[in-house]
Structure formats: structure tokens, C-alpha cells
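Q: Contents of upload_15.txt (compact mmCIF, C-alpha atoms and all ligand atoms):
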```
# COMPACT_ATOMS: atom_id res chain seq x y z
CA MET A 1 55.64 60.45 -17.66
CA ALA A 2 52.26 62.13 -17.13
CA LEU A 3 50.64 63.77 -20.16
CA LEU A 4 50.41 67.05 -18.26
CA GLU A 5 52.63 67.92 -15.36
CA VAL A 6 52.11 71.20 -13.53
CA SER A 7 54.88 71.99 -11.04
CA ASN A 8 55.05 74.76 -8.44
CA LEU A 9 53.01 77.13 -10.54
CA ASP A 10 53.11 80.72 -9.32
CA VAL A 11 50.84 83.26 -11.05
CA ARG A 12 50.73 86.94 -10.12
CA PHE A 13 48.87 90.04 -11.19
CA ALA A 14 50.91 93.24 -11.14
CA LEU A 15 48.29 95.81 -10.11
CA ARG A 16 48.79 99.49 -9.28
CA GLN A 17 47.90 98.75 -5.63
CA GLY A 18 50.59 96.05 -5.51
CA GLU A 19 51.18 92.49 -6.62
CA VAL A 20 48.42 89.92 -6.17
CA ARG A 21 49.44 86.27 -5.96
CA ALA A 22 46.65 84.33 -7.67
CA LEU A 23 48.31 80.89 -7.64
CA ARG A 24 50.95 79.72 -5.20
CA ASP A 25 52.94 76.57 -5.55
CA VAL A 26 50.24 74.68 -7.48
CA SER A 27 51.34 71.20 -8.61
CA PHE A 28 49.41 68.32 -10.15
CA THR A 29 49.53 65.81 -12.98
CA LEU A 30 47.05 64.48 -15.50
CA ASP A 31 47.45 61.15 -17.28
CA ARG A 32 46.08 60.38 -20.73
CA GLY A 33 42.32 59.85 -20.52
CA GLU A 34 42.19 60.83 -16.85
CA ARG A 35 39.51 63.18 -15.48
CA LEU A 36 40.59 65.65 -12.80
CA GLY A 37 38.31 68.05 -10.93
CA ILE A 38 39.59 71.37 -9.57
CA VAL A 39 37.16 72.54 -6.93
CA GLY A 40 36.74 75.51 -4.59
CA GLU A 41 34.56 78.55 -3.96
CA SER A 42 34.83 81.54 -6.25
CA GLY A 43 38.08 83.38 -5.68
CA ALA A 44 39.95 80.14 -4.85
CA GLY A 45 42.07 80.48 -8.00
CA LYS A 46 40.61 77.56 -9.96
CA SER A 47 39.72 79.55 -13.09
CA VAL A 48 43.15 81.22 -13.07
CA ALA A 49 44.59 77.71 -12.93
CA ALA A 50 42.48 76.71 -15.98
CA PHE A 51 43.51 79.76 -18.00
CA THR A 52 47.16 79.30 -17.00
CA LEU A 53 47.15 75.75 -18.34
CA LEU A 54 46.72 77.19 -21.82
CA ASN A 55 48.97 80.13 -21.02
CA LEU A 56 45.97 82.40 -21.52
CA ILE A 57 46.76 84.69 -18.61
CA ALA A 58 46.59 88.23 -19.94
CA LYS A 59 48.52 91.22 -18.60
CA PRO A 60 48.78 92.39 -15.87
CA GLY A 61 48.81 88.67 -15.01
CA TYR A 62 51.97 86.66 -15.54
CA ILE A 63 53.52 83.31 -14.69
CA ALA A 64 56.14 84.17 -12.08
CA GLY A 65 57.43 80.63 -11.60
CA GLY A 66 56.91 76.93 -12.09
CA SER A 67 56.20 74.93 -15.21
CA ILE A 68 53.31 73.41 -17.21
CA ARG A 69 54.79 70.44 -19.03
CA PHE A 70 52.67 68.92 -21.78
CA GLU A 71 54.33 65.79 -23.15
CA GLY A 72 57.46 67.04 -21.42
CA ILE A 73 57.49 70.49 -23.11
CA ASP A 74 56.91 73.56 -20.94
CA LEU A 75 53.90 75.54 -22.22
CA ALA A 76 54.88 78.45 -19.96
CA ARG A 77 57.98 78.98 -22.09
CA MET A 78 56.50 78.46 -25.56
CA SER A 79 56.29 81.26 -28.11
CA SER A 80 52.80 82.50 -29.09
CA ARG A 81 53.13 80.66 -32.40
CA GLU A 82 53.99 77.35 -30.76
CA LEU A 83 51.17 77.83 -28.28
CA ARG A 84 48.64 78.38 -31.06
CA ARG A 85 49.54 74.95 -32.37
CA VAL A 86 48.76 73.38 -28.99
CA ARG A 87 45.62 75.35 -28.12
CA GLY A 88 42.48 74.01 -29.70
CA ASN A 89 44.51 71.31 -31.38
CA ARG A 90 46.05 69.27 -28.53
CA ILE A 91 44.37 71.05 -25.59
CA SER A 92 40.90 72.63 -25.97
CA MET A 93 38.98 74.80 -23.59
CA ILE A 94 35.28 75.01 -22.79
CA PHE A 95 34.27 78.27 -21.12
CA GLN A 96 31.35 78.99 -18.76
CA ASP A 97 29.44 81.00 -21.32
CA PRO A 98 29.21 79.50 -24.83
CA MET A 99 28.90 83.02 -26.24
CA MET A 100 32.51 83.65 -25.14
CA THR A 101 33.60 81.06 -27.69
CA LEU A 102 31.04 81.41 -30.46
CA ASN A 103 31.26 84.26 -32.93
CA PRO A 104 27.74 85.74 -33.24
CA VAL A 105 28.23 86.85 -36.87
CA LEU A 106 29.37 83.49 -38.27
CA SER A 107 27.25 80.40 -38.74
CA ILE A 108 28.12 77.31 -36.67
CA GLY A 109 29.43 75.59 -39.80
CA GLU A 110 31.65 78.54 -40.78
CA GLN A 111 33.17 78.63 -37.29
CA MET A 112 33.86 74.91 -37.22
CA VAL A 113 35.31 74.87 -40.74
CA GLU A 114 37.50 77.89 -39.91
CA SER A 115 38.90 76.18 -36.79
CA LEU A 116 39.65 73.00 -38.69
CA LYS A 117 41.33 74.76 -41.60
CA ALA A 118 43.46 76.85 -39.20
CA HIS A 119 45.09 73.63 -37.97
CA ARG A 120 44.79 71.15 -40.83
CA ARG A 121 45.43 71.24 -44.56
CA ILE A 122 42.01 70.14 -45.74
CA SER A 123 39.37 71.41 -48.15
CA THR A 124 36.24 73.24 -47.00
CA GLN A 125 34.17 70.23 -48.03
CA GLU A 126 36.29 67.85 -45.92
CA ALA A 127 36.17 70.26 -42.95
CA ARG A 128 32.39 70.51 -43.23
CA ALA A 129 32.09 66.72 -43.22
CA ILE A 130 34.19 66.53 -40.02
CA ALA A 131 32.09 69.32 -38.44
CA LEU A 132 28.90 67.42 -39.26
CA HIS A 133 30.34 64.22 -37.78
CA LYS A 134 31.24 66.06 -34.54
CA LEU A 135 27.75 67.56 -34.28
CA LYS A 136 26.33 64.04 -34.57
CA GLN A 137 28.66 62.87 -31.78
CA VAL A 138 27.15 65.44 -29.40
CA TYR A 139 23.62 64.36 -30.39
CA ILE A 140 22.55 67.65 -31.92
CA PRO A 141 19.15 67.18 -33.55
CA SER A 142 19.10 68.01 -37.30
CA PRO A 143 22.88 68.56 -37.47
CA GLU A 144 22.87 69.52 -41.18
CA THR A 145 20.47 72.40 -40.46
CA ARG A 146 22.49 73.53 -37.39
CA LEU A 147 25.63 74.00 -39.49
CA ASP A 148 23.95 76.88 -41.29
CA GLN A 149 22.41 78.46 -38.20
CA TYR A 150 23.84 81.30 -36.10
CA PRO A 151 24.51 81.02 -32.33
CA HIS A 152 21.54 83.25 -31.39
CA GLU A 153 19.16 80.83 -33.16
CA LEU A 154 20.03 78.01 -30.75
CA SER A 155 19.08 77.28 -27.13
CA GLY A 156 21.68 77.52 -24.34
CA GLY A 157 21.91 73.73 -24.04
CA MET A 158 22.37 73.31 -27.78
CA ARG A 159 25.05 76.03 -27.86
CA GLN A 160 26.97 74.20 -25.12
CA ARG A 161 26.71 70.94 -27.09
CA ILE A 162 28.17 72.79 -30.05
CA ILE A 163 30.98 74.09 -27.84
CA ILE A 164 31.75 70.50 -26.85
CA ALA A 165 31.71 69.52 -30.55
CA ILE A 166 34.15 72.37 -31.28
CA ALA A 167 36.34 71.33 -28.35
CA LEU A 168 36.51 67.82 -29.84
CA LEU A 169 36.95 69.05 -33.41
CA LEU A 170 40.68 68.49 -33.63
CA ASP A 171 40.72 65.32 -31.50
CA PRO A 172 42.50 66.93 -28.54
CA ASP A 173 44.37 65.06 -25.81
CA ILE A 174 42.96 67.28 -23.06
CA ILE A 175 39.84 69.38 -22.57
CA VAL A 176 39.91 72.08 -19.89
CA ALA A 177 36.30 72.89 -18.96
CA ASP A 178 35.68 75.93 -16.74
CA GLU A 179 32.25 75.59 -15.03
CA PRO A 180 30.83 74.42 -18.39
CA THR A 181 27.22 74.28 -17.27
CA THR A 182 26.92 77.37 -15.05
CA ALA A 183 24.97 79.33 -17.67
CA LEU A 184 22.44 76.49 -18.21
CA ASP A 185 19.16 75.40 -16.62
CA VAL A 186 19.58 72.75 -13.90
CA THR A 187 17.77 70.14 -16.01
CA ILE A 188 20.20 70.62 -18.92
CA GLN A 189 23.32 70.73 -16.70
CA ALA A 190 23.29 67.01 -15.88
CA GLU A 191 22.74 66.09 -19.55
CA ILE A 192 25.71 68.17 -20.69
CA MET A 193 27.98 66.79 -17.95
CA THR A 194 27.03 63.20 -18.81
CA LEU A 195 27.71 63.89 -22.48
CA LEU A 196 31.11 65.42 -21.69
CA ARG A 197 32.11 62.46 -19.51
CA GLU A 198 30.95 59.89 -22.08
CA LEU A 199 32.83 61.58 -24.91
CA CYS A 200 36.03 61.91 -22.85
CA GLU A 201 35.80 58.21 -21.93
CA LYS A 202 35.04 57.11 -25.49
CA HIS A 203 37.85 59.12 -27.09
CA ASN A 204 40.34 58.74 -24.22
CA VAL A 205 40.50 62.51 -23.76
CA GLY A 206 41.86 63.89 -20.46
CA LEU A 207 39.56 66.34 -18.70
CA VAL A 208 40.38 69.13 -16.28
CA LEU A 209 37.02 70.17 -14.88
CA ILE A 210 36.80 73.43 -12.95
CA THR A 211 33.78 73.61 -10.66
CA HIS A 212 32.59 74.89 -7.29
CA ASP A 213 30.46 71.75 -6.86
CA LEU A 214 31.91 68.64 -5.20
CA GLY A 215 28.73 66.78 -6.23
CA VAL A 216 29.63 67.31 -9.92
CA VAL A 217 33.24 66.32 -9.26
CA SER A 218 32.11 63.07 -7.63
CA GLN A 219 30.16 62.09 -10.76
CA MET A 220 32.66 63.27 -13.33
CA THR A 221 36.22 62.75 -12.15
CA GLN A 222 38.66 60.18 -10.87
CA ARG A 223 40.91 62.63 -9.05
CA THR A 224 40.18 65.89 -7.24
CA LEU A 225 42.20 68.92 -6.31
CA VAL A 226 40.69 71.29 -3.75
CA MET A 227 41.88 74.90 -3.88
CA TYR A 228 41.69 77.68 -1.32
CA ALA A 229 43.08 81.22 -1.67
CA GLY A 230 45.28 80.28 -4.63
CA ARG A 231 46.74 77.13 -3.10
CA VAL A 232 45.96 73.44 -3.34
CA ILE A 233 44.90 72.30 0.13
CA GLU A 234 43.85 68.70 -0.55
CA GLN A 235 44.20 66.34 -3.49
CA GLY A 236 43.71 62.68 -4.17
CA PRO A 237 41.32 60.09 -5.63
CA THR A 238 37.84 61.61 -5.86
CA ARG A 239 36.20 58.68 -4.11
CA GLU A 240 38.48 59.01 -1.07
CA ILE A 241 37.98 62.76 -0.88
CA ILE A 242 34.20 62.46 -1.11
CA ASN A 243 33.98 59.61 1.39
CA ASP A 244 36.63 60.73 3.85
CA ALA A 245 37.74 64.34 3.32
CA GLN A 246 40.54 65.26 5.70
CA HIS A 247 40.89 69.03 5.28
CA PRO A 248 38.36 71.10 7.28
CA TYR A 249 37.66 73.22 4.17
CA THR A 250 36.87 70.18 2.03
CA GLN A 251 34.68 68.83 4.83
CA GLY A 252 32.86 72.19 4.87
CA LEU A 253 32.29 72.07 1.10
CA LEU A 254 30.88 68.56 1.41
CA ASN A 255 28.61 69.51 4.30
CA ALA A 256 27.30 72.43 2.25
CA LEU A 257 26.02 70.13 -0.52
CA PRO A 258 22.19 70.27 -0.65
CA GLN A 259 21.99 66.46 -0.37
CA MET A 260 23.82 66.67 3.01
CA THR A 261 21.14 68.98 4.40
CA THR A 262 17.79 67.91 5.89
CA PRO A 263 14.97 68.97 3.55
CA GLY A 264 13.44 72.26 4.65
CA SER A 265 16.42 73.29 6.80
CA ARG A 266 19.09 75.88 5.97
CA LEU A 267 22.15 74.81 3.98
CA ASN A 268 25.24 74.07 6.10
CA GLN A 269 27.42 76.92 4.93
CA ILE A 270 31.07 77.43 5.84
CA PRO A 271 31.12 80.57 8.00
CA GLY A 272 32.86 83.64 6.56
CA SER A 273 34.04 84.03 3.00
CA MET A 274 37.05 83.39 0.77
CA PRO A 275 39.72 86.02 1.51
CA SER A 276 40.78 88.47 -1.16
CA LEU A 277 43.93 87.28 -2.93
CA SER A 278 45.45 90.71 -2.25
CA ASN A 279 45.01 90.20 1.48
CA THR A 280 45.46 86.51 2.25
CA PRO A 281 45.60 85.67 5.98
CA SER A 282 48.96 84.57 7.42
CA GLY A 283 49.69 80.93 8.18
CA CYS A 284 46.87 78.69 6.97
CA ALA A 285 44.71 81.01 4.83
CA PHE A 286 41.61 79.11 6.00
CA HIS A 287 42.26 79.79 9.72
CA PRO A 288 39.74 82.66 10.19
CA ARG A 289 36.98 80.25 9.09
CA CYS A 290 38.26 77.03 10.64
CA GLN A 291 36.61 75.57 13.73
CA TYR A 292 39.75 73.49 14.46
CA ARG A 293 42.16 76.40 14.80
CA TYR A 294 42.11 76.14 18.63
CA ASP A 295 44.22 73.91 20.86
CA ALA A 296 42.92 71.78 23.77
CA THR A 297 42.97 74.83 26.10
CA GLY A 298 40.79 76.82 23.69
CA GLN A 299 43.68 79.06 22.58
CA PRO A 300 44.33 79.66 18.85
CA ARG A 301 47.04 77.31 17.55
CA ARG A 302 50.19 79.31 16.74
CA ASP A 303 51.02 77.09 13.77
CA CYS A 304 47.58 77.66 12.15
CA LEU A 305 48.05 81.42 12.55
CA ASP A 306 51.71 81.68 11.51
CA GLN A 307 52.85 78.74 9.35
CA VAL A 308 51.66 77.77 5.89
CA PRO A 309 50.88 74.03 6.27
CA GLU A 310 52.99 71.60 4.26
CA PHE A 311 51.39 68.61 2.56
CA VAL A 312 51.13 65.40 4.56
CA THR A 313 50.04 62.08 3.09
CA SER A 314 46.85 60.55 4.43
CA GLY A 315 45.83 57.33 2.66
CA ASN A 316 46.17 58.16 -1.04
CA CYS A 317 45.52 61.87 -0.46
CA GLN A 318 47.74 64.84 0.20
CA VAL A 319 46.45 67.32 2.77
CA ALA A 320 47.84 70.70 3.85
CA CYS A 321 46.63 71.05 7.45
CA HIS A 322 48.52 71.22 10.77
CA MET A 323 45.75 69.40 12.63
CA VAL A 324 45.77 66.49 10.15
CA ARG A 325 49.59 66.36 10.40
CA ASP A 326 49.35 66.09 14.21
CA MET A 327 46.63 63.43 14.04
CA LEU A 328 48.72 61.33 11.66
CA ALA A 329 51.78 61.72 13.85
CA LYS A 330 49.75 60.60 16.89
CA GLU A 331 48.40 57.58 15.02
CA ALA A 332 51.91 56.61 13.95
CA SER A 333 53.44 56.90 17.45
FE1 LIG B 401 42.23 74.64 10.32
FE2 LIG B 401 44.71 74.88 11.20
FE3 LIG B 401 44.08 72.93 9.51
FE4 LIG B 401 44.14 75.43 8.68
S1 LIG B 401 45.89 74.25 9.40
S2 LIG B 401 42.60 73.95 8.21
S3 LIG B 401 43.40 76.51 10.49
S4 LIG B 401 43.34 73.19 11.60
```
Since I need it in another form, could you write the structure as C-alpha cells?
Ligand code: SF4
A:
Amino acid sequence: MALLEVSNLDVRFALRQGEVRALRDVSFTLDRGERLGIVGESGAGKSVAAFTLLNLIAKPGYIAGGSIRFEGIDLARMSSRELRRVRGNRISMIFQDPMMTLNPVLSIGEQMVESLKAHRRISTQEARAIALHKLKQVYIPSPETRLDQYPHELSGGMRQRIIIAIALLLDPDIIVADEPTTALDVTIQAEIMTLLRELCEKHNVGLVLITHDLGVVSQMTQRTLVMYAGRVIEQGPTREIINDAQHPYTQGLLNALPQMTTPGSRLNQIPGSMPSLSNTPSGCAFHPRCQYRYDATGQPRRDCLDQVPEFVTSGNCQVACHMVRDMLAKEAS
């Protein structure tokens, strides 16, 4: 049994203008110590997926269907009290902006001690010793001094290191990290990502990494899930997806990476933009942007326009695309 098993997750937002379906039929698993990347442009639903994993979707959002089984128990059906025991303790979250997690009026030490004492029966002195140990693990310079400092006294990179230390505080089984380096300088981003990967490897912690960057996913994860308009459209081993992406959207994301572009020329962008989740195109939601939506006569393919593609298996990957399905069928015949 996988440590985390997400099945047919359906998340909606009940808005005055009507219901918005933010996640549709999202399924994936995460094994102990495994690192999974969830990738897509903004609006693809990846952050909603991250928040849903911890059942942090606030009203008017709600889980309309599916399950999130952690060690076999469905988090979607847990009471708030039961969930509090899981959050931070067994599954921690790292947000984009460290200031979303850190309390500006408490010192770093007070915040770490408070988190520890909320979950464990230990003295303040013991909690402070654990906090200090965790700060050392994330290579914070002068960790003793940092414990007594306030968030605003630290640089962005140092704050994100502290967030990682807090995420590791209670020795979680899984860390969900939502674009954890977006708010940082490019030079610091790589350092923080390397640190996160090393710590997950060392402590056998599973990682769900939310990012728009397939380059980051290729360095950080073993498996990748590509999302578009609230659905998973391709998933499989990261190496296979990076080397041989099958879905036209994934291919477009890869082509848009700066390293795939000749220096001095424009980036290869996917034409158009992610549709609004309140107005998702029929059939394959990617069809208005897809160069393969035409048949041999140059006419739009009816299936791309009208039918949501089912997953087909290509190598070790699962791909939701009518064209890929037809290519596989042709190869097999
Ligand atoms: Fe393009 Fe059709 Fe495949 Fe969608 S299903 S990605 S429109 S070829």
C-alpha cells in the first residue's frame, strides 16, 4: 500500500456566478521517501491539489468527491481535530512565501517551541534543543542567535531555510512544498532546492513538490504529474517525461524551458493561455492551444473538440491525449 493514495479527487468552489471545478478526477500515489513533482502553468490546479492534500481548502471550496488516503485513512473524511494531529506532525507544508508561515511577532525559537509542544509532551528546554538541532540541519549560520531573532531580521533565503527546519520539526512522513523558492533570488533558489532534496533523501521523507518549472522537477523528483485545467494529463517517471514527453502540453512546457532556446532568441512559448476553470473548453481542454488538433485533411478532430481523453499507457507513463492513443493503436496493429 502506498503511503499516500489520492483517488478521483474532485474539488469545487461554490461561487455566486456558479460552481467552479478546480480539480477533476485527480489520482496519484506517493510511496515512503518518494519525491513527486506536480507541474503546470498557473491556473492548472496544482496549488489547489497541494492544499487539498492537507484538507486545507477553505469555503467556498469543498471536496465534492474522491479520497486522500494517508496510511489507508481518508483525510477528506477526518474531523478537524484528527486533521490537526496529521498536519505539521505527519504531513508538513512549505508555502511560497515564508511570511505566510512565520508569525512576525514571535521569535523563531518561540514559534518552533510552540509547534513542538502542540504535538509532543516535552518541556520548553527539550523543545528548544530540538529546534536548535533542526536549525543546524538546514545549515543556518549562528543557529543559537537565530532562535532569538524575529522573521523580519532574517534574509529571504534564511527565512526559507527556517521554514524547512519547521517543516522537519516533527519528523514528518511527507512534505508538501508549494513553489517553495518563488519568492527568492535565483541564486538562492537552487541552494534551497538542493537542501530540500538532500534532507528528504537523508530522512526518507516523501516530497510533493508543486512547481511551474519542469527543469526543477527534473532535478528534484523521481515521478512527475502534469496538470492542465484541473486535470492530470500526463504522469510517469520524471526521467521518461523529460526525455520523451508524449502529451503536446508537456512537450510545450519542455520547449519553453530557457535551456531549450537558442541564446538571444525569444522563448518558445505555448500559444494562448490556460483557460479559466469556470469556462473550461469542451473535449480536451488543451485543444484551443494544441497544434495537433487537426486531422490529415486539416479539419479539427471531432474527438479533441468533444471528448475528454482517457488515459492510455505509453511506456511507463499515462497520457490523456487522443492523438497519442491513435499512435499507440497504430503501432500495436
Ligand atoms: Fe491535442 Fe487532441 Fe491530444 Fe488534446 S487530445 S492534446 S487537442 S491532440
Q: Could you list, with a cut-off of 7 Å and counting all atoms listed in the file, the residues of chain A near ligand LIG 401 (chain B), each shown with its nearest atom pair and the distance in Å rounded to one decimal, rows sorted by chain and ascending number, as a tab-separated table?
A:
```
residue	atom	partner	partner_atom	distance
A:His247	CA	B:LIG401	S2	6.0
A:Pro248	CA	B:LIG401	S2	5.2
A:Tyr249	CA	B:LIG401	S2	6.4
A:Cys284	CA	B:LIG401	FE4	4.6
A:Ala285	CA	B:LIG401	FE4	6.8
A:Phe286	CA	B:LIG401	FE4	5.2
A:His287	CA	B:LIG401	S3	3.6
A:Cys290	CA	B:LIG401	FE1	4.6
A:Gln291	CA	B:LIG401	FE1	6.6
A:Tyr292	CA	B:LIG401	S4	4.6
A:Arg293	CA	B:LIG401	S3	4.5
A:Cys304	CA	B:LIG401	FE2	4.1
A:Pro309	CA	B:LIG401	S1	5.9
A:Ala320	CA	B:LIG401	S1	6.9
A:Cys321	CA	B:LIG401	FE3	3.8
A:His322	CA	B:LIG401	S1	4.2
A:Met323	CA	B:LIG401	S4	4.6
A:Val324	CA	B:LIG401	FE3	6.7
```
Q: Give me, as an MDAnalysis selection string, all polymer residues having an atom no more than 9 Å from range 106-121 of chain A, counting only C-alpha atoms and skipping those fewer than 5 positions away in the same chain.
A: chainID A and resid 85 88:89 126:128 130:132 146:151 162 165:166 169:170
Q: Using only C-alpha atoms for the distances, tell me which of A:Ile91, A:Ile57, A:Met1, A:Leu15 is nearest to Ile174 in chain A.
A: A:Ile91
Q: Quick one: residues within 6 Å of range 211-218 of chain A, all atoms listed in the file, excluding same-chain residues fewer than 3 positions away - as a PyMOL selection string?
A: chain A and resi 37+39-41+179+221
Q: CA of Leu209 in chain A to CA of Glu19 in chain A: how many Å, to one decimal?
A: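 Atom-to-atom, CA of Leu209 in chain A to CA of Glu19 in chain A, that is 27.7 Å.
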Q: Could you check which of A:Arg159, A:Lys59, A:Gln125, A:Ile241 is closest to Ser314 in chain A, using only C-alpha atoms?
A: A:Ile241
Q: Please identify all polymer residues within 8 Å of Arg223 in chain A, counting all atoms listed in the file, omitting same-chain residues fewer than 3 positions from it, and present them as a ChimeraX atom specification.
A: /A:35-37,235-239
Q: List the spatial neighbours of Ala58 in chain A as a list in words - criterion: any atom at most 12 Å away, all atoms listed in the file, same-chain residues fewer than 2 positions off excluded.
A: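 In the requested form, the answer reads Val11, Arg12, Phe13, Ala14, Val48, Phe51, Thr52, Leu54, Asn55, Leu56, Pro60, Gly61, Tyr62 and Ile63 of chain A.
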Q: Keeping C-alpha atoms for every residue in the selection just given, could you write it to a file as a PDB file, keeping the file's coordinate frame?
A:
```
ATOM      1  CA  VAL A  11      50.840  83.260 -11.050  1.00  0.00           C
ATOM      2  CA  ARG A  12      50.730  86.940 -10.120  1.00  0.00           C
ATOM      3  CA  PHE A  13      48.870  90.040 -11.190  1.00  0.00           C
ATOM      4  CA  ALA A  14      50.910  93.240 -11.140  1.00  0.00           C
ATOM      5  CA  VAL A  48      43.150  81.220 -13.070  1.00  0.00           C
ATOM      6  CA  PHE A  51      43.510  79.760 -18.000  1.00  0.00           C
ATOM      7  CA  THR A  52      47.160  79.300 -17.000  1.00  0.00           C
ATOM      8  CA  LEU A  54      46.720  77.190 -21.820  1.00  0.00           C
ATOM      9  CA  ASN A  55      48.970  80.130 -21.020  1.00  0.00           C
ATOM     10  CA  LEU A  56      45.970  82.400 -21.520  1.00  0.00           C
ATOM     11  CA  PRO A  60      48.780  92.390 -15.870  1.00  0.00           C
ATOM     12  CA  GLY A  61      48.810  88.670 -15.010  1.00  0.00           C
ATOM     13  CA  TYR A  62      51.970  86.660 -15.540  1.00  0.00           C
ATOM     14  CA  ILE A  63      53.520  83.310 -14.690  1.00  0.00           C
TER      15      ILE A  63
END
```
Q: Can you pull out the residues contacting Thr29 in chain A? Cut-off 8 Å, using all atoms listed in the file, and skip same-chain residues under 3 positions away; I want them as a list in words.
A: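 The residues satisfying every condition are Ala2, Leu3, Leu4, Glu5 and Val6 of chain A.
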Q: In Å, how far is it from CA of Thr182 in chain A to CA of Ala44 in chain A?
A: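 Interatomic distance here is 16.8 Å.
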Q: Between CA of Ile210 in chain A and CA of Gly230 in chain A, what distance in Å does the model show, to one decimal?
A: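 These atoms are spaced 13.7 Å apart.
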Q: To box range 114-119 of chain A, take all atoms listed in the file, fit an axis-aligned box, add 4 Å on each side, and give centre and edge lengths in Å to one decimal, as AutoDock Vina command-line options.
A:
```
--center_x 41.3 --center_y 75.4 --center_z -39.2 --size_x 15.6 --size_y 12.9 --size_z 12.8
```
Q: Fix up range 291-299 of chain A with all heavy atoms, then write it as a CSV table (one decimal), in the coordinates of the input.
A:
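Everything below was put into part_16.csv:
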```
chain,number,residue,atom,x,y,z
A,291,GLN,N,37.0,75.9,12.3
A,291,GLN,CA,36.6,75.6,13.7
A,291,GLN,C,37.7,74.8,14.5
A,291,GLN,O,37.6,74.6,15.7
A,291,GLN,CB,35.3,74.8,13.7
A,291,GLN,CG,35.4,73.5,13.0
A,291,GLN,CD,34.1,72.7,13.1
A,291,GLN,OE1,33.5,72.6,14.2
A,291,GLN,NE2,33.6,72.2,12.0
A,292,TYR,N,38.7,74.3,13.8
A,292,TYR,CA,39.8,73.5,14.5
A,292,TYR,C,41.0,74.3,14.7
A,292,TYR,O,42.1,73.7,15.0
A,292,TYR,CB,40.1,72.3,13.6
A,292,TYR,CG,38.9,71.4,13.3
A,292,TYR,CD1,38.3,71.3,12.1
A,292,TYR,CD2,38.3,70.6,14.3
A,292,TYR,CE1,37.2,70.6,11.8
A,292,TYR,CE2,37.2,69.9,14.1
A,292,TYR,CZ,36.6,69.8,12.8
A,292,TYR,OH,35.5,69.1,12.6
A,293,ARG,N,40.9,75.6,14.6
A,293,ARG,CA,42.2,76.4,14.8
A,293,ARG,C,42.5,76.6,16.3
A,293,ARG,O,43.5,77.4,16.6
A,293,ARG,CB,42.0,77.7,14.1
A,293,ARG,CG,41.0,78.7,14.7
A,293,ARG,CD,41.0,80.0,13.9
A,293,ARG,NE,40.1,81.0,14.5
A,293,ARG,CZ,38.8,81.1,14.3
A,293,ARG,NH1,38.2,80.3,13.5
A,293,ARG,NH2,38.1,82.1,14.9
A,294,TYR,N,41.8,76.0,17.2
A,294,TYR,CA,42.1,76.1,18.6
A,294,TYR,C,42.8,74.9,19.2
A,294,TYR,O,42.5,73.8,18.7
A,294,TYR,CB,40.8,76.4,19.4
A,294,TYR,CG,40.1,77.6,18.9
A,294,TYR,CD1,39.0,77.4,18.0
A,294,TYR,CD2,40.5,78.9,19.2
A,294,TYR,CE1,38.3,78.5,17.5
A,294,TYR,CE2,39.8,80.0,18.7
A,294,TYR,CZ,38.7,79.8,17.8
A,294,TYR,OH,38.1,80.9,17.3
A,295,ASP,N,43.6,75.1,20.2
A,295,ASP,CA,44.2,73.9,20.9
A,295,ASP,C,43.3,73.4,22.0
A,295,ASP,O,42.2,74.0,22.2
A,295,ASP,CB,45.6,74.2,21.4
A,295,ASP,CG,45.7,75.3,22.4
A,295,ASP,OD1,44.6,75.5,23.0
A,295,ASP,OD2,46.7,75.9,22.6
A,296,ALA,N,43.8,72.4,22.7
A,296,ALA,CA,42.9,71.8,23.8
A,296,ALA,C,42.5,72.8,24.9
A,296,ALA,O,41.5,72.6,25.5
A,296,ALA,CB,43.7,70.6,24.4
A,297,THR,N,43.3,73.8,25.1
A,297,THR,CA,43.0,74.8,26.1
A,297,THR,C,42.0,75.9,25.6
A,297,THR,O,41.7,76.9,26.3
A,297,THR,CB,44.2,75.5,26.7
A,297,THR,OG1,44.8,76.3,25.6
A,297,THR,CG2,45.3,74.5,27.1
A,298,GLY,N,41.7,75.8,24.3
A,298,GLY,CA,40.8,76.8,23.7
A,298,GLY,C,41.5,78.0,23.1
A,298,GLY,O,40.9,79.0,22.6
A,299,GLN,N,42.9,78.0,23.2
A,299,GLN,CA,43.7,79.1,22.6
A,299,GLN,C,43.9,78.8,21.1
A,299,GLN,O,44.0,77.7,20.7
A,299,GLN,CB,45.1,79.1,23.3
A,299,GLN,CG,45.0,79.5,24.7
A,299,GLN,CD,44.3,80.9,24.9
A,299,GLN,OE1,44.7,81.9,24.3
A,299,GLN,NE2,43.3,80.9,25.7
```
